[in-house]
Amino acid sequence: MSLPVVLKAEALSIGYSKKVIAPRLDLTLAAGELVCLLGQNGAGKSTLIRTLAGMQSPLNGRVLLMGDDVRRLDARTLAQRLSIVLTERVDVGALTVYDLVALGRYPYTDWTSRLQPDDQAAVVRALEAVGALDLAYRPVGELSDGERQKAMIARALAQEPALIILDEPTAFLDLPRRAEIMFLLRDLARASGRAILLSTHDLDLALRTADRVWLLAQGTLSDGAPEDLVLSGAFASAFQNEGVVFNTSEGAFHVERPQRTPIRLVGEGLQRVWTARALERAGYAVVDTSPDWVEVGAGVDGVRYRSLHGGSVRDYDTIYALIAGLRG
Amino acid sequence: MSEITLVRVQAAEQMIWSRRRMALTALMVGLIAAFAASLALGSVSIPLGDILTILRGGEGARASWTTIVMDFRLPKALTAALAGAALSVSGLLMQTLFRNPLADPYVLGISSGASLGVALVVLVTASAGVSLFSGLTLIGDAGLIVAASGGAALVMAVVALIARRVRQTMTLLIIGLMIGYMTGSLVSILMHFSIPDRIQAYVNWTFGTFGSVTWTQMPLFAVAILLGLLTAALVAKPLNAFLLGEAYARSMGVDVRRARIAILAAAAILAGAVTAFCGPIGFLGVAVPHLCRILLGTSDHRYLLPATAVLGAGLALIADVIAQVPGAQVVLPLNAITALIGAPIVLWVILSRRNLRETFSA
C-alpha cells in the first residue's frame, strides 16, 4: 500500500529568467514522509523550495499540491494546505509564543482573527506536539534559538496543512538542538501524517532521520532512501570536491590527505574506535600489517596506550599524548 | 491533547484579554480627562461646571466663555484628538509595514511630502489671503487634503519601493531625511516665487497648530481621519501577519499586495489630512506606538490600534494644553512640545536596542 501523494512536480524546470538551475524534475511527496533536500551551496535548494511552495514561478512544468497547481490556488486555500518555516530569524515584536502559534490559524479565522474553540484546540495541539506547551506565555523575544525554532514549527503545524516546507530549519542551532529538531520533525511526520520537506546541510542527521533524500547537484536530482543514495554513489559524486571525499562505509566526509602513514592498531571496544579516529585525523592509515603499531587498553602496569614507533616502545595516558608522541 | 490543558490555556487567554481591556479603559478615562482639561485650561480658566452647561447649549457664568469654548476650544480639542489619533495610528502602520521601530510620518519624510502638496496649493494656487486658509472654499479645503495626502502617498510609495530593497533600519531613516531635504528645497524654490503674505502663512503653518480647523472644515477633516482609522481597523488582521514579515504573511494566506496598498493608503490619508490642516507635527507618530506596546505588553494590533489611537489623542490634547501655557498669554509652538515629549522616547528606543535592524518591538 502506498501513502497518498501530497505534492507532485511534473517536468518542473526551476531557475531564474536567465539561468536554468535544474530542468525537468519529476517529484512526488507522500503523506507522513520526511524528505531532506541536500546539496551544496548554490546547487539550487532554495530555488527548488521556493518553487514548490509557490513563492516563485517555475520556468516550465507545474507543481501540484493535492491535485491543484500551486500557482493557481488562492492564497487562503494554499495556506490551508501548505505552511512554511524560513531560515531567516524573524523578530516578531512583543508576542507570546501562544500569539505566534495562533497566527497559524490565520487562514481559518474571520476578519477579526478571533480564535474559536476549534482554533484554540489546534494551537494547543501544535504546542504540545513540539513540546512547547510550557513556553506558551513566554515572549518570543526571550526564547533561545532552539525554543524559537520549536515555536515556529508549532506555528506551521497550527496551520494544519498537508505539507510543511522548512528551509534550513537547523541552520542557527547548536548540535544537540539540531538533532532534537530533526528527530522532532521525523516524529511529527509519522504521527500527524503530514508530509515534511526540509533543506539542510546536516548530512549526518539527514541520513539518520529522512525517509527519503532529494540530492540536488549539477542540475539533477537523485531521489531515494538515504541508504540507496549512499550505495549508488550519488552522495560521493554530488559532494565531490577537491580535498574532501565521501566515505561510503561511514556515511561521512573526510578531508583527503595526499599521503598517509600506515600503522597497525591493537585493541578492542570503544577505546579502539576513538583511537582509530584520532590516528586518521593525525594522518595515519590504520592497516592490518605494519611494523609500527599502537596498542590500546592493555591494562598492563596501568598503561593505557602503548606504541612502537621509530624503533622504540613508549607509553601514554591519553590519546592526546599518544598523538603528540607519534608526531615527535 | 488533554481537555484540562485546553481549558487552562483558555482561562489564561481570558485573563490576558481582560487585563488588556482594563488598560484600554484606563486610557479612555485619561483621554476624557485630557479633553476636559483642554476645554477648561488656556489663557482663561473656565470651571468644568460651566463648560458642561455651555456644551449643553446653556450660558456660562460669563458671556465670553461661551464664545471661547464653542468657537475656539471645542474645535481645537476635537482637532487635537483626531490629529493625535491619526498621527499615532499612521506611525504604527508604518512601523509594522516597514518593520522599522523608528518609522513615522515625520521621520520617513511623509509629512514633507504632504508639506510639498500644501505648499503647491498655498504658495501657487490659493488666492492672495493673509491667513493660510481664509482664501479657501470648501472645495479648496478638500483640495488641500487631497494635495497633502497625495504628496504623502507619493513619498510613501517611494519609501515603500526603497524599503523592499533596503532592509537596514538606519538606511531607511537616512532616505527619509534626504526626501525631507529634497521636498524642503522644492518648497523654498516655490517660496522664492511667491508673495510675502503667503510665505508668512506657510511658515506659520510649519510650526504646527491644532487651532486652524474651523467648524465648517471640521466635517471634512473628521471624515477623512475616521476613514483612515476605519481602514486601519480593517487591516488589523493582516498587520499581525506582517509582524512575521512579508514571506510568512503570504504563506498564511494574506493577499500581500492588497493589504500593503490598504495599509499605505490609510497611513497616507491619516498623515496627509493632519498635515494639511495642522502642519507637520513631529514625534507623536513614532512615540505613541512604543508607549502602547510597553503599556499593553503586546504587538497584537487588535489591541495596539485602539490603544494607539486613544493614547495619541490624549497626548496631543496634553501637548496642546501645555503649548497654550494655562493662565498666561503666551502660546508656545506646538512642535516644540511634541518634540520634548517624543524625542526622549525615540532616544530610549535607540539606546535600548543592541541591534535596531533586528527588532521593532517594545
# chains A, B, ... in the order shown; residues from 1 in each chain; ligands from 1
>>> select_by_dssp(residues="region 74-268 of chain B", states="alpha helix (DSSP H)", output="JSON, numbers by chain")
{"B": [74, 75, 76, 77, 78, 79, 80, 81, 82, 83, 84, 85, 86, 87, 88, 89, 90, 91, 92, 93, 94, 95, 96, 97, 110, 111, 112, 113, 114, 115, 116, 117, 118, 119, 138, 139, 140, 141, 142, 143, 144, 145, 146, 147, 148, 149, 150, 151, 152, 153, 154, 155, 156, 157, 158, 159, 160, 161, 162, 163, 164, 165, 169, 170, 171, 172, 173, 174, 175, 176, 177, 178, 179, 180, 181, 182, 183, 184, 185, 186, 187, 188, 189, 190, 191, 192, 196, 197, 198, 199, 200, 201, 202, 203, 204, 205, 206, 207, 218, 219, 220, 221, 222, 223, 224, 225, 226, 227, 228, 229, 230, 231, 232, 233, 234, 236, 237, 238, 239, 240, 241, 242, 246, 247, 248, 249, 250, 251, 256, 257, 258, 259, 260, 261, 262, 263, 264, 265, 266, 267, 268]}
>>> interface_residues(of="chain B", to="chain A", cutoff="9 Å", atoms="only C-alpha atoms", output="VMD selection string")
chain B and resid 1 5 to 6 9 to 10 12 234 to 238 240 to 245 247 to 248 250 to 255 293 to 294 297 to 300 302 358 to 362
>>> closest_residue(among="B:Gly312, B:Pro280, B:Gly91, B:Pro47", to="Gly113 (chain B)", atoms="only C-alpha atoms")
B:Pro280
>>> residues_around(residues="Lys150 (chain A)", least_positions_apart="4", cutoff="9 Å", atoms="only C-alpha atoms", output="compact mmCIF listing (two decimals) with C-alpha atoms, in the first residue's frame")
# COMPACT_ATOMS: atom_id res chain seq x y z
CA LEU A 127 2.30 23.48 21.08
CA VAL A 130 6.61 20.24 19.61
CA GLY A 131 6.84 20.08 23.40
CA ALA A 132 6.49 23.82 23.84
CA ASP A 145 17.26 29.73 19.24
CA GLY A 146 16.09 26.15 19.72
CA ALA A 154 4.33 24.87 16.08
CA ARG A 155 3.02 27.87 14.12
CA ILE A 181 14.65 19.39 15.88
>>> residues_around(residues="Thr28 (chain A)", least_positions_apart="4", cutoff="7 Å", atoms="only C-alpha atoms", output="list in words")
Val5, Leu7, Lys8 and Ala9 of chain A
>>> write_last_selection(atoms="C-alpha atoms", output="mmCIF file, in the first residue's frame")
data_model
loop_
_atom_site.group_PDB
_atom_site.id
_atom_site.type_symbol
_atom_site.label_atom_id
_atom_site.label_comp_id
_atom_site.auth_asym_id
_atom_site.auth_seq_id
_atom_site.Cartn_x
_atom_site.Cartn_y
_atom_site.Cartn_z
ATOM 1 C CA VAL A 5 0.581 11.707 -2.708
ATOM 2 C CA LEU A 7 2.753 17.012 -3.739
ATOM 3 C CA LYS A 8 3.671 16.185 -7.274
ATOM 4 C CA ALA A 9 6.000 18.076 -9.581
#
>>> select_by_dssp(residues="region 153-278 of chain A", states="strand (DSSP E)", output="NGL selection string")
:A and (163-167 or 195-199 or 212-217 or 220-224 or 244-247 or 252-255 or 261-266)
>>> residues_around(residues="region 140-157 of chain B", least_positions_apart="5", cutoff="9 Å", atoms="only C-alpha atoms", output="PDB file with N, CA, C and O atoms, in the first residue's frame")
ATOM      1  N   PRO B 105       5.281  59.253  10.227  1.00  0.00           N
ATOM      2  CA  PRO B 105       5.102  60.141   9.067  1.00  0.00           C
ATOM      3  C   PRO B 105       6.196  61.200   8.980  1.00  0.00           C
ATOM      4  O   PRO B 105       6.628  61.569   7.898  1.00  0.00           O
ATOM      5  N   LEU B 108      10.030  59.539   8.232  1.00  0.00           N
ATOM      6  CA  LEU B 108      10.246  58.968   6.899  1.00  0.00           C
ATOM      7  C   LEU B 108       9.999  59.962   5.769  1.00  0.00           C
ATOM      8  O   LEU B 108      10.039  59.611   4.603  1.00  0.00           O
ATOM      9  N   GLY B 109       9.744  61.229   6.125  1.00  0.00           N
ATOM     10  CA  GLY B 109       9.593  62.237   5.081  1.00  0.00           C
ATOM     11  C   GLY B 109       8.202  62.285   4.489  1.00  0.00           C
ATOM     12  O   GLY B 109       7.965  62.986   3.505  1.00  0.00           O
ATOM     13  N   ILE B 110       7.244  61.547   5.088  1.00  0.00           N
ATOM     14  CA  ILE B 110       5.876  61.548   4.572  1.00  0.00           C
ATOM     15  C   ILE B 110       5.251  62.929   4.796  1.00  0.00           C
ATOM     16  O   ILE B 110       4.569  63.468   3.924  1.00  0.00           O
ATOM     17  N   SER B 111       5.513  63.493   5.989  1.00  0.00           N
ATOM     18  CA  SER B 111       5.000  64.829   6.276  1.00  0.00           C
ATOM     19  C   SER B 111       5.591  65.843   5.304  1.00  0.00           C
ATOM     20  O   SER B 111       4.923  66.790   4.895  1.00  0.00           O
ATOM     21  N   SER B 112       6.861  65.639   4.941  1.00  0.00           N
ATOM     22  CA  SER B 112       7.491  66.539   3.972  1.00  0.00           C
ATOM     23  C   SER B 112       6.758  66.463   2.640  1.00  0.00           C
ATOM     24  O   SER B 112       6.543  67.485   1.986  1.00  0.00           O
ATOM     25  N   GLY B 113       6.390  65.254   2.248  1.00  0.00           N
ATOM     26  CA  GLY B 113       5.632  65.090   1.013  1.00  0.00           C
ATOM     27  C   GLY B 113       4.310  65.833   1.094  1.00  0.00           C
ATOM     28  O   GLY B 113       3.912  66.537   0.162  1.00  0.00           O
ATOM     29  N   ALA B 114       3.643  65.686   2.263  1.00  0.00           N
ATOM     30  CA  ALA B 114       2.383  66.399   2.465  1.00  0.00           C
ATOM     31  C   ALA B 114       2.617  67.908   2.429  1.00  0.00           C
ATOM     32  O   ALA B 114       1.829  68.661   1.846  1.00  0.00           O
ATOM     33  N   SER B 115       3.725  68.354   3.025  1.00  0.00           N
ATOM     34  CA  SER B 115       4.060  69.778   3.021  1.00  0.00           C
ATOM     35  C   SER B 115       4.210  70.297   1.608  1.00  0.00           C
ATOM     36  O   SER B 115       3.777  71.407   1.280  1.00  0.00           O
ATOM     37  N   LEU B 116       4.837  69.491   0.770  1.00  0.00           N
ATOM     38  CA  LEU B 116       5.030  69.904  -0.618  1.00  0.00           C
ATOM     39  C   LEU B 116       3.673  70.099  -1.293  1.00  0.00           C
ATOM     40  O   LEU B 116       3.459  71.087  -1.998  1.00  0.00           O
ATOM     41  N   GLY B 117       2.761  69.143  -1.034  1.00  0.00           N
ATOM     42  CA  GLY B 117       1.412  69.272  -1.589  1.00  0.00           C
ATOM     43  C   GLY B 117       0.753  70.554  -1.102  1.00  0.00           C
ATOM     44  O   GLY B 117       0.171  71.307  -1.888  1.00  0.00           O
ATOM     45  N   VAL B 118       0.868  70.822   0.211  1.00  0.00           N
ATOM     46  CA  VAL B 118       0.276  72.030   0.789  1.00  0.00           C
ATOM     47  C   VAL B 118       0.933  73.272   0.191  1.00  0.00           C
ATOM     48  O   VAL B 118       0.262  74.237  -0.194  1.00  0.00           O
ATOM     49  N   ALA B 119       2.254  73.236   0.074  1.00  0.00           N
ATOM     50  CA  ALA B 119       2.981  74.384  -0.456  1.00  0.00           C
ATOM     51  C   ALA B 119       2.518  74.697  -1.878  1.00  0.00           C
ATOM     52  O   ALA B 119       2.326  75.851  -2.241  1.00  0.00           O
ATOM     53  N   LEU B 120       2.317  73.631  -2.659  1.00  0.00           N
ATOM     54  CA  LEU B 120       1.844  73.840  -4.032  1.00  0.00           C
ATOM     55  C   LEU B 120       0.499  74.560  -4.038  1.00  0.00           C
ATOM     56  O   LEU B 120       0.292  75.504  -4.800  1.00  0.00           O
ATOM     57  N   VAL B 121      -0.407  74.112  -3.148  1.00  0.00           N
ATOM     58  CA  VAL B 121      -1.738  74.711  -3.092  1.00  0.00           C
ATOM     59  C   VAL B 121      -1.645  76.147  -2.573  1.00  0.00           C
ATOM     60  O   VAL B 121      -2.176  77.087  -3.168  1.00  0.00           O
ATOM     61  N   VAL B 122      -0.947  76.319  -1.454  1.00  0.00           N
ATOM     62  CA  VAL B 122      -0.943  77.610  -0.769  1.00  0.00           C
ATOM     63  C   VAL B 122      -0.115  78.648  -1.519  1.00  0.00           C
ATOM     64  O   VAL B 122      -0.545  79.774  -1.750  1.00  0.00           O
ATOM     65  N   ALA B 126      -3.546  79.311  -4.227  1.00  0.00           N
ATOM     66  CA  ALA B 126      -4.506  79.978  -3.351  1.00  0.00           C
ATOM     67  C   ALA B 126      -4.588  81.465  -3.689  1.00  0.00           C
ATOM     68  O   ALA B 126      -3.598  82.072  -4.079  1.00  0.00           O
ATOM     69  N   PHE B 133      -5.765  79.815   5.353  1.00  0.00           N
ATOM     70  CA  PHE B 133      -6.967  79.150   4.875  1.00  0.00           C
ATOM     71  C   PHE B 133      -8.081  80.106   4.485  1.00  0.00           C
ATOM     72  O   PHE B 133      -9.076  79.679   3.935  1.00  0.00           O
ATOM     73  N   GLY B 135      -8.568  82.154   2.257  1.00  0.00           N
ATOM     74  CA  GLY B 135      -8.907  82.266   0.847  1.00  0.00           C
ATOM     75  C   GLY B 135      -9.519  81.006   0.263  1.00  0.00           C
ATOM     76  O   GLY B 135      -9.876  80.967  -0.902  1.00  0.00           O
ATOM     77  N   ILE B 162      11.729  51.661  -1.946  1.00  0.00           N
ATOM     78  CA  ILE B 162      13.115  51.546  -1.481  1.00  0.00           C
ATOM     79  C   ILE B 162      13.213  50.529  -0.346  1.00  0.00           C
ATOM     80  O   ILE B 162      14.144  49.736  -0.291  1.00  0.00           O
ATOM     81  N   GLY B 176      14.602  58.778   4.316  1.00  0.00           N
ATOM     82  CA  GLY B 176      13.511  59.673   4.707  1.00  0.00           C
ATOM     83  C   GLY B 176      14.011  61.093   4.911  1.00  0.00           C
ATOM     84  O   GLY B 176      13.388  62.069   4.476  1.00  0.00           O
ATOM     85  N   ILE B 179      14.722  62.663   1.522  1.00  0.00           N
ATOM     86  CA  ILE B 179      13.476  63.058   0.852  1.00  0.00           C
ATOM     87  C   ILE B 179      12.951  64.339   1.488  1.00  0.00           C
ATOM     88  O   ILE B 179      12.478  65.246   0.797  1.00  0.00           O
ATOM     89  N   GLN B 217     -14.876  73.428   8.378  1.00  0.00           N
ATOM     90  CA  GLN B 217     -13.916  72.453   7.850  1.00  0.00           C
ATOM     91  C   GLN B 217     -13.968  71.125   8.607  1.00  0.00           C
ATOM     92  O   GLN B 217     -13.523  70.100   8.102  1.00  0.00           O
ATOM     93  N   LEU B 220     -15.238  67.634   7.096  1.00  0.00           N
ATOM     94  CA  LEU B 220     -14.316  67.097   6.103  1.00  0.00           C
ATOM     95  C   LEU B 220     -13.092  66.455   6.789  1.00  0.00           C
ATOM     96  O   LEU B 220     -12.712  65.322   6.497  1.00  0.00           O
ATOM     97  N   PHE B 221     -12.526  67.227   7.726  1.00  0.00           N
ATOM     98  CA  PHE B 221     -11.353  66.766   8.470  1.00  0.00           C
ATOM     99  C   PHE B 221     -11.667  65.472   9.220  1.00  0.00           C
ATOM    100  O   PHE B 221     -10.936  64.474   9.114  1.00  0.00           O
ATOM    101  N   ALA B 224     -12.266  62.441   6.853  1.00  0.00           N
ATOM    102  CA  ALA B 224     -11.005  61.932   6.300  1.00  0.00           C
ATOM    103  C   ALA B 224     -10.284  61.067   7.321  1.00  0.00           C
ATOM    104  O   ALA B 224      -9.799  59.972   7.020  1.00  0.00           O
ATOM    105  N   LEU B 264      -0.812  51.345   3.289  1.00  0.00           N
ATOM    106  CA  LEU B 264      -0.166  52.574   2.834  1.00  0.00           C
ATOM    107  C   LEU B 264      -1.192  53.684   2.627  1.00  0.00           C
ATOM    108  O   LEU B 264      -0.955  54.841   2.978  1.00  0.00           O
ATOM    109  N   ALA B 265      -2.348  53.313   2.058  1.00  0.00           N
ATOM    110  CA  ALA B 265      -3.383  54.323   1.805  1.00  0.00           C
ATOM    111  C   ALA B 265      -3.881  54.910   3.124  1.00  0.00           C
ATOM    112  O   ALA B 265      -4.000  56.133   3.263  1.00  0.00           O
ATOM    113  N   ALA B 267      -2.322  55.026   6.001  1.00  0.00           N
ATOM    114  CA  ALA B 267      -1.264  55.840   6.604  1.00  0.00           C
ATOM    115  C   ALA B 267      -1.146  57.182   5.889  1.00  0.00           C
ATOM    116  O   ALA B 267      -0.946  58.224   6.520  1.00  0.00           O
ATOM    117  N   ALA B 268      -1.294  57.177   4.561  1.00  0.00           N
ATOM    118  CA  ALA B 268      -1.152  58.418   3.797  1.00  0.00           C
ATOM    119  C   ALA B 268      -2.317  59.366   4.062  1.00  0.00           C
ATOM    120  O   ALA B 268      -2.119  60.575   4.225  1.00  0.00           O
ATOM    121  N   ILE B 269      -3.554  58.831   4.101  1.00  0.00           N
ATOM    122  CA  ILE B 269      -4.713  59.693   4.372  1.00  0.00           C
ATOM    123  C   ILE B 269      -4.584  60.323   5.760  1.00  0.00           C
ATOM    124  O   ILE B 269      -4.777  61.523   5.938  1.00  0.00           O
ATOM    125  N   LEU B 270      -4.214  59.489   6.745  1.00  0.00           N
ATOM    126  CA  LEU B 270      -4.114  59.981   8.120  1.00  0.00           C
ATOM    127  C   LEU B 270      -3.054  61.071   8.228  1.00  0.00           C
ATOM    128  O   LEU B 270      -3.304  62.161   8.749  1.00  0.00           O
ATOM    129  N   ALA B 271      -1.854  60.769   7.714  1.00  0.00           N
ATOM    130  CA  ALA B 271      -0.769  61.749   7.805  1.00  0.00           C
ATOM    131  C   ALA B 271      -1.075  62.969   6.946  1.00  0.00           C
ATOM    132  O   ALA B 271      -0.819  64.107   7.350  1.00  0.00           O
ATOM    133  N   GLY B 272      -1.653  62.725   5.766  1.00  0.00           N
ATOM    134  CA  GLY B 272      -1.929  63.821   4.846  1.00  0.00           C
ATOM    135  C   GLY B 272      -2.967  64.793   5.391  1.00  0.00           C
ATOM    136  O   GLY B 272      -2.764  66.012   5.367  1.00  0.00           O
ATOM    137  N   ALA B 273      -4.082  64.264   5.903  1.00  0.00           N
ATOM    138  CA  ALA B 273      -5.153  65.130   6.396  1.00  0.00           C
ATOM    139  C   ALA B 273      -4.668  65.982   7.557  1.00  0.00           C
ATOM    140  O   ALA B 273      -4.938  67.186   7.630  1.00  0.00           O
ATOM    141  N   VAL B 274      -3.925  65.350   8.480  1.00  0.00           N
ATOM    142  CA  VAL B 274      -3.432  66.096   9.636  1.00  0.00           C
ATOM    143  C   VAL B 274      -2.449  67.172   9.180  1.00  0.00           C
ATOM    144  O   VAL B 274      -2.527  68.331   9.600  1.00  0.00           O
ATOM    145  N   THR B 275      -1.521  66.784   8.307  1.00  0.00           N
ATOM    146  CA  THR B 275      -0.508  67.739   7.880  1.00  0.00           C
ATOM    147  C   THR B 275      -1.154  68.902   7.128  1.00  0.00           C
ATOM    148  O   THR B 275      -0.749  70.055   7.273  1.00  0.00           O
ATOM    149  N   ALA B 276      -2.182  68.608   6.338  1.00  0.00           N
ATOM    150  CA  ALA B 276      -2.845  69.660   5.581  1.00  0.00           C
ATOM    151  C   ALA B 276      -3.372  70.760   6.502  1.00  0.00           C
ATOM    152  O   ALA B 276      -3.180  71.935   6.243  1.00  0.00           O
ATOM    153  N   PHE B 277      -4.006  70.372   7.602  1.00  0.00           N
ATOM    154  CA  PHE B 277      -4.654  71.374   8.449  1.00  0.00           C
ATOM    155  C   PHE B 277      -3.801  71.828   9.627  1.00  0.00           C
ATOM    156  O   PHE B 277      -3.894  72.976  10.045  1.00  0.00           O
TER     157      PHE B 277
END
>>> atom_distance(atom1="CA of Thr289 (chain A)", atom2="CA of Ser307 (chain A)")
14.5 Å
>>> residues_around(residues="Leu295 (chain B)", least_positions_apart="5", cutoff="9 Å", atoms="only C-alpha atoms", output="VMD selection string")
chain B and resid 20 23 290
>>> atom_distance(atom1="CA of Ser144 (chain A)", atom2="CA of Arg50 (chain A)")
26.9 Å
>>> atom_distance(atom1="CA of Ser38 (chain B)", atom2="CA of Ile68 (chain B)")
11.8 Å
>>> closest_residue(among="B:Pro333, B:Pro344, B:Gly57, B:Gly279", to="Val321 (chain B)", atoms="only C-alpha atoms")
B:Pro333
